[in-house]
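First the structure, in the form of structure tokens, and then the observations on it.
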Amino acid sequence: MIPILLRDLRWRLLLLLLVCVTLYFLEPAFHRHEETVDPEFAQELGPLGISATLAYLAGLSMIVLLAGFVSTDRREGHTRLYFSHPTSPLTFYGLRWAIAFGVTLVTVFFFLVFGQLLAWGRFMGGASGILLAAVAAVVYGGLMAFLSTALRRGDAWVAFLLFLPTFFPQILSLVELGISQSVYRGILFLLPPHGALQDIYQGLLQQAMGWSAVAFAVGYGVFWLLLAGLLLRVREWP
């Protein structure tokens, strides 16, 4: 079953490769010059500074790999085939989620290592930054699981829109001006915990990890995962 599911991801892996290439060129640390580095920002332009890009990669990877992983099956009737045998929807989609999570962490690892080899000619560390990437994968993986289970289409686009404030935080200020406070609070509830992820990043740089931020961010992802699992259990399948 696992080789079949991995084979089904082959085109998504090509898109994920494109994401890796794009983030490589956007990562300042990979294009710095030693003589122009401000000492104040040297840490952010070192191996641990890459952690933020690893988190972006992990979040986008889960969105790409899990796009429509439940909703497309329901919409196109694939569930009639999958569950014509005594297969639990929770087990089937849980396995697909776990594969996406595993592929994401492997991708993050290779990006960290080969990005440094390509940019700097050697590996200089920063493996602890994979923690931030793993947390981001849980956050966006949980969100994608819920959206794909609850919606019939457009789950990846919704998740991507919720991801955008990571790069453009001013979006939230613009959104707040155009909608009611109740709707805005609902959006904030759905919105991934960017503040907690930023706290984890700063903790990595300062070597003083804030585990409360880790727990909050992981709890966010687990909440949506559990809600998705509940929907899978109570939904009637063909």
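Numbering starts fresh at 1 for the residues of each chain in the structure tokens, the chains themselves are lettered A, B, ... in the order given, and ligands are numbered from 1 as they appear.
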Residues near A:Ser128, cut-off 8 Å, only C-alpha atoms, skip fewer than 3 positions along chain, as a VMD selection string: chain A and resid 48 131 to 132 204
List as a list in words the protein and nucleic acid residues near A:Leu60, meaning an atom at most 9 Å away when only C-alpha atoms are counted, but skip any in the same chain fewer than 6 places from it. Leu16, Val19, Ala137, Tyr140, Phe160 and Phe163 of chain A
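Nearest residue to A:Ala145, choosing from A:Gly68, A:Gly195, A:Gly121, A:Gly115 and counting only C-alpha atoms: A:Gly68.
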Using DSSP on the backbone, list every residue of stretch 36-182 of chain A that comes out as helix (DSSP H, G or I), and give them as an NGL selection string. :A and (36 or 39-41 or 47-66 or 71-76 or 79-82 or 89-120 or 127-150 or 155-166 or 170-178 or 181-182)
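The list of residues with at least one atom within 12 Å of A:Leu95, based on only C-alpha atoms and without residues fewer than 2 positions apart in the same chain, reads Met1, Ile2, Pro3, Ile4, Leu5, Leu6, Leu66, Phe69, Thr87, Ser88, Pro89, Leu90, Thr91, Phe92, Tyr93, Trp97, Ala98, Ile99, Ala100, Phe101, Gly102 and Ala145 of chain A.
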Skip A:Gly142 itself and residues of its chain fewer than 2 positions away, then list as an MDAnalysis selection string all residues within 9 Å of it, counting only C-alpha atoms. chainID A and resid 137:140 144:147 220:228
Write out as a ChimeraX atom specification each polymer residue whose atoms come within 10 Å of A:Leu118, counting only C-alpha atoms; drop sequence neighbours fewer than 4 positions from it. /A:24,30,113-114,122-123
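Shortest atom-to-atom contact with A:Thr166 among A:Met62, A:Ala213, A:Val234, A:Ala52: A:Ala52, counting only C-alpha atoms.
Our summary of the geometry notes that atom CA of A:Asp199 is positioned 12.8 Å from atom CA of A:Gly129.
Distance check against A:Gly59 using only C-alpha atoms: of A:Leu162, A:Gly94, A:Leu172, A:Ser212, the minimum falls on A:Leu162.
Reported to one decimal place, the separation of atom CA of A:Leu174 from atom CA of A:Phe216 is 26.1 Å.
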